[in-house]
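First the structure, in the form of structure tokens, and then the observations on it.
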Amino acid sequence: MRGLAVIALSLFASSASAQANYVGCTKSESIALRTAIADAKALAVVAAASVRDGPTYSRWFGKFSPAHGEEVRANFKSIVRGIRTGAVTPRCERVGFGACERETYAFVYDDKPYIIHICPHYFTLPKMSDLDPSQEDSNNGTRAGTIIHEISHFLAVAGTEDECYTRSVCSGMAGRSATRAVINADSYQYFAEDVTFYNLFPDRAPQ
């Protein structure tokens, strides 16, 4: 099952994105980030094509409306364009630099595209091929999903905010406020992860 996910993502991502730049990253960190960025583009493409009224949309963005749906779709397309520029620059930081605390995965300055500060804790996140939305260890999403989250923050992309964190909290927020959900970075991350996962494994979709 996991092997199928890896193959599908790799084939989808192979249509090629420009090479990202890596600053301060070890060889193994660069390899992990290269895979995550390629997967992030693949996820965002799938997500843009999957924006419609349905349970996965409602789980992450709340009650569907044509206006909100178009906003979400446009933001995913903007994320794809951002990755395709080849200007994405991961900077591998160490604990104590900027916002890099023990449980911080990554951070950006929204007016400085496309620099993504990668914290050491980022590499504890599962790869997309290890995602299982029903399991607690996927509550913070994946490495690829985190790239989507951070890129969405840039003002030149979608200008999202951090209205909530984690799957368990953000799904509840979406039910209360679609307006907040459509500007929330984690909502884009989890929607992109889930539509890709459930396209590969439709039998595992929540009923």
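Identifiers for the structure tokens are assigned positionally: chains receive A, B, ... in sequence, residues are indexed from 1 per chain, and ligands are indexed from 1 in the order shown.
Every protein, DNA or RNA residue with an atom at most 8 Å from Arg167 in chain A, where only C-alpha atoms count and chain neighbours fewer than 6 positions away do not, is listed here: Asn139, Asn140, Gly141, Asp186 and Tyr190 of chain A.
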Please write the residues from the selection above to a file, keeping C-alpha atoms, as a PDB file, in the first residue's frame.
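Final output, saved to result_30.pdb:
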ATOM      1  CA  ASN A 139      -1.756  14.949  13.427  1.00  0.00           C
ATOM      2  CA  ASN A 140       0.810  17.543  12.311  1.00  0.00           C
ATOM      3  CA  GLY A 141       0.858  16.404   8.693  1.00  0.00           C
ATOM      4  CA  ASP A 186      -2.763  24.337   7.971  1.00  0.00           C
ATOM      5  CA  TYR A 190      -4.273  19.004   5.345  1.00  0.00           C
TER       6      TYR A 190
END
Would you mind listing what lies within 8 Å of Phe107 in chain A as a list in words, with only C-alpha atoms counted and same-chain residues fewer than 4 positions away left out? Ala99, Cys100, Ile116, His117, Ile118, Cys119 and Glu150 of chain A
Next, write the just-selected residues to a file, as a JSON list (two decimals), in the first residue's frame, keeping all heavy atoms as the atom set.
[["chain", "number", "residue", "atom", "x", "y", "z"],
["A", 99, "ALA", "N", 12.64, 31.53, 15.07],
["A", 99, "ALA", "CA", 11.52, 30.85, 15.71],
["A", 99, "ALA", "C", 11.77, 29.37, 15.93],
["A", 99, "ALA", "O", 10.86, 28.64, 16.32],
["A", 99, "ALA", "CB", 10.25, 31.04, 14.87],
["A", 100, "CYS", "N", 12.97, 28.89, 15.67],
["A", 100, "CYS", "CA", 13.26, 27.45, 15.79],
["A", 100, "CYS", "C", 13.36, 27.04, 17.26],
["A", 100, "CYS", "O", 14.43, 27.09, 17.86],
["A", 100, "CYS", "CB", 14.55, 27.09, 15.07],
["A", 100, "CYS", "SG", 14.36, 26.87, 13.29],
["A", 116, "ILE", "N", 12.44, 29.56, 3.04],
["A", 116, "ILE", "CA", 11.77, 28.78, 4.08],
["A", 116, "ILE", "C", 12.82, 28.33, 5.09],
["A", 116, "ILE", "O", 13.76, 27.60, 4.74],
["A", 116, "ILE", "CB", 11.06, 27.54, 3.49],
["A", 116, "ILE", "CG1", 10.06, 27.95, 2.41],
["A", 116, "ILE", "CG2", 10.35, 26.77, 4.61],
["A", 116, "ILE", "CD1", 9.39, 26.78, 1.72],
["A", 117, "HIS", "N", 12.67, 28.78, 6.31],
["A", 117, "HIS", "CA", 13.60, 28.39, 7.37],
["A", 117, "HIS", "C", 13.15, 27.04, 7.93],
["A", 117, "HIS", "O", 12.04, 26.91, 8.46],
["A", 117, "HIS", "CB", 13.61, 29.45, 8.47],
["A", 117, "HIS", "CG", 14.07, 30.79, 7.99],
["A", 117, "HIS", "ND1", 15.40, 31.15, 7.93],
["A", 117, "HIS", "CD2", 13.36, 31.86, 7.50],
["A", 117, "HIS", "CE1", 15.51, 32.38, 7.44],
["A", 117, "HIS", "NE2", 14.29, 32.83, 7.18],
["A", 118, "ILE", "N", 14.00, 26.05, 7.78],
["A", 118, "ILE", "CA", 13.69, 24.68, 8.18],
["A", 118, "ILE", "C", 14.35, 24.40, 9.52],
["A", 118, "ILE", "O", 15.57, 24.50, 9.66],
["A", 118, "ILE", "CB", 14.21, 23.67, 7.13],
["A", 118, "ILE", "CG1", 13.61, 23.95, 5.75],
["A", 118, "ILE", "CG2", 13.93, 22.24, 7.58],
["A", 118, "ILE", "CD1", 12.11, 23.73, 5.64],
["A", 119, "CYS", "N", 13.54, 24.05, 10.51],
["A", 119, "CYS", "CA", 14.06, 23.76, 11.85],
["A", 119, "CYS", "C", 14.37, 22.27, 11.97],
["A", 119, "CYS", "O", 13.81, 21.44, 11.25],
["A", 119, "CYS", "CB", 13.03, 24.18, 12.90],
["A", 119, "CYS", "SG", 12.62, 25.94, 12.85],
["A", 150, "GLU", "N", 4.03, 26.52, 4.48],
["A", 150, "GLU", "CA", 4.92, 27.68, 4.56],
["A", 150, "GLU", "C", 4.85, 28.53, 3.29],
["A", 150, "GLU", "O", 4.83, 29.77, 3.38],
["A", 150, "GLU", "CB", 6.36, 27.21, 4.82],
["A", 150, "GLU", "CG", 6.56, 26.47, 6.14],
["A", 150, "GLU", "CD", 6.16, 27.28, 7.36],
["A", 150, "GLU", "OE1", 6.10, 28.53, 7.28],
["A", 150, "GLU", "OE2", 5.88, 26.66, 8.41]]
Hey, which of A:Ala156, A:Val72, A:Ala144, A:Cys92 ends up closest to Ser28 in chain A? Count only C-alpha atoms.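 Closest candidate: A:Cys92.
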Which neighbours of Arg180 in chain A fall inside 12 Å, counting only C-alpha atoms, when residues of the same chain fewer than 2 positions from it are skipped, and could you give them as a list in words? Trp60, Phe61, Gly62, Lys63, His68, Thr160, Glu161, Asp162, Glu163, Cys164, Cys170, Ser171, Gly172, Met173, Ala174, Gly175, Arg176, Ser177, Ala178, Val182, Ile183, Asn184, Ala185, Asp186, Ser187 and Tyr188 of chain A
Dump N, CA, C and O atoms for the selected residues as a short mmCIF file (atom, residue, chain, number, x, y, z; two decimals), in the first residue's frame?
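For reference, selection-v6.cif as written:
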data_model
loop_
_atom_site.label_atom_id
_atom_site.label_comp_id
_atom_site.auth_asym_id
_atom_site.auth_seq_id
_atom_site.Cartn_x
_atom_site.Cartn_y
_atom_site.Cartn_z
N TRP A 60 -11.85 20.69 6.02
CA TRP A 60 -10.75 21.63 6.19
C TRP A 60 -11.12 23.09 5.90
O TRP A 60 -10.45 24.00 6.41
N PHE A 61 -12.17 23.32 5.12
CA PHE A 61 -12.52 24.71 4.77
C PHE A 61 -13.94 25.09 5.18
O PHE A 61 -14.37 26.20 4.91
N GLY A 62 -14.66 24.18 5.79
CA GLY A 62 -16.00 24.50 6.25
C GLY A 62 -17.03 24.42 5.13
O GLY A 62 -16.79 23.83 4.07
N LYS A 63 -18.18 25.02 5.36
CA LYS A 63 -19.28 24.95 4.41
C LYS A 63 -18.86 25.52 3.06
O LYS A 63 -18.33 26.63 2.98
N HIS A 68 -15.73 30.96 -1.85
CA HIS A 68 -14.64 30.38 -1.08
C HIS A 68 -13.93 29.29 -1.88
O HIS A 68 -12.69 29.18 -1.82
N THR A 160 -1.59 33.51 3.62
CA THR A 160 -2.37 32.84 4.67
C THR A 160 -1.88 33.22 6.06
O THR A 160 -0.78 33.73 6.24
N GLU A 161 -2.71 32.91 7.04
CA GLU A 161 -2.40 33.16 8.44
C GLU A 161 -2.35 31.83 9.19
O GLU A 161 -2.68 30.78 8.64
N ASP A 162 -1.95 31.89 10.45
CA ASP A 162 -1.99 30.71 11.32
C ASP A 162 -3.15 30.87 12.30
O ASP A 162 -2.99 31.37 13.41
N GLU A 163 -4.32 30.48 11.83
CA GLU A 163 -5.51 30.57 12.66
C GLU A 163 -5.60 29.39 13.62
O GLU A 163 -6.29 29.46 14.64
N CYS A 164 -4.95 28.29 13.31
CA CYS A 164 -4.94 27.11 14.17
C CYS A 164 -3.81 26.19 13.71
O CYS A 164 -3.27 26.37 12.61
N CYS A 170 -7.81 22.09 13.76
CA CYS A 170 -8.24 22.83 12.56
C CYS A 170 -9.52 22.27 11.94
O CYS A 170 -10.30 23.03 11.36
N SER A 171 -9.76 20.97 12.05
CA SER A 171 -11.02 20.44 11.53
C SER A 171 -12.20 21.00 12.32
O SER A 171 -13.26 21.30 11.76
N GLY A 172 -12.01 21.17 13.62
CA GLY A 172 -13.06 21.77 14.44
C GLY A 172 -13.29 23.22 14.10
O GLY A 172 -14.44 23.68 14.03
N MET A 173 -12.21 23.97 13.86
CA MET A 173 -12.35 25.38 13.50
C MET A 173 -13.10 25.55 12.19
O MET A 173 -13.92 26.46 12.04
N ALA A 174 -12.82 24.67 11.21
CA ALA A 174 -13.50 24.77 9.91
C ALA A 174 -15.01 24.66 10.07
O ALA A 174 -15.76 25.34 9.36
N GLY A 175 -15.46 23.80 10.98
CA GLY A 175 -16.89 23.65 11.21
C GLY A 175 -17.51 24.89 11.82
O GLY A 175 -18.71 25.14 11.64
N ARG A 176 -16.71 25.69 12.51
CA ARG A 176 -17.23 26.89 13.16
C ARG A 176 -17.10 28.13 12.30
O ARG A 176 -17.92 29.04 12.39
N SER A 177 -16.05 28.19 11.46
CA SER A 177 -15.80 29.41 10.71
C SER A 177 -15.10 29.12 9.39
O SER A 177 -13.87 28.99 9.34
N ALA A 178 -15.88 29.06 8.32
CA ALA A 178 -15.29 28.88 6.99
C ALA A 178 -14.43 30.07 6.61
O ALA A 178 -13.42 29.92 5.91
N VAL A 182 -10.47 29.41 5.30
CA VAL A 182 -9.93 29.63 3.95
C VAL A 182 -8.70 30.53 3.94
O VAL A 182 -8.06 30.67 2.90
N ILE A 183 -8.36 31.11 5.10
CA ILE A 183 -7.12 31.88 5.17
C ILE A 183 -6.09 31.20 6.07
O ILE A 183 -5.05 31.77 6.38
N ASN A 184 -6.37 29.96 6.47
CA ASN A 184 -5.52 29.25 7.41
C ASN A 184 -4.54 28.32 6.71
O ASN A 184 -4.94 27.45 5.92
N ALA A 185 -3.25 28.47 6.98
CA ALA A 185 -2.23 27.70 6.27
C ALA A 185 -2.36 26.20 6.49
O ALA A 185 -2.22 25.40 5.55
N ASP A 186 -2.63 25.77 7.72
CA ASP A 186 -2.76 24.34 7.97
C ASP A 186 -3.93 23.72 7.20
O ASP A 186 -3.88 22.54 6.83
N SER A 187 -4.98 24.48 6.95
CA SER A 187 -6.12 23.95 6.21
C SER A 187 -5.70 23.57 4.79
O SER A 187 -6.14 22.53 4.26
N TYR A 188 -4.85 24.37 4.18
CA TYR A 188 -4.35 24.05 2.84
C TYR A 188 -3.46 22.80 2.89
O TYR A 188 -3.54 21.93 2.02
#
Counting only C-alpha atoms, the residue of A:Val95, A:Met128, A:Ala40, A:Ala192 that sits nearest Val80 in chain A: A:Ala40
Excluding range 20-26 of chain A and residues on its chain fewer than 4 positions from it, collect all residues at most 9 Å away from it, counting only C-alpha atoms, and give them as an NGL selection string. :A and (30-31 or 33-34 or 37 or 83 or 85-93)
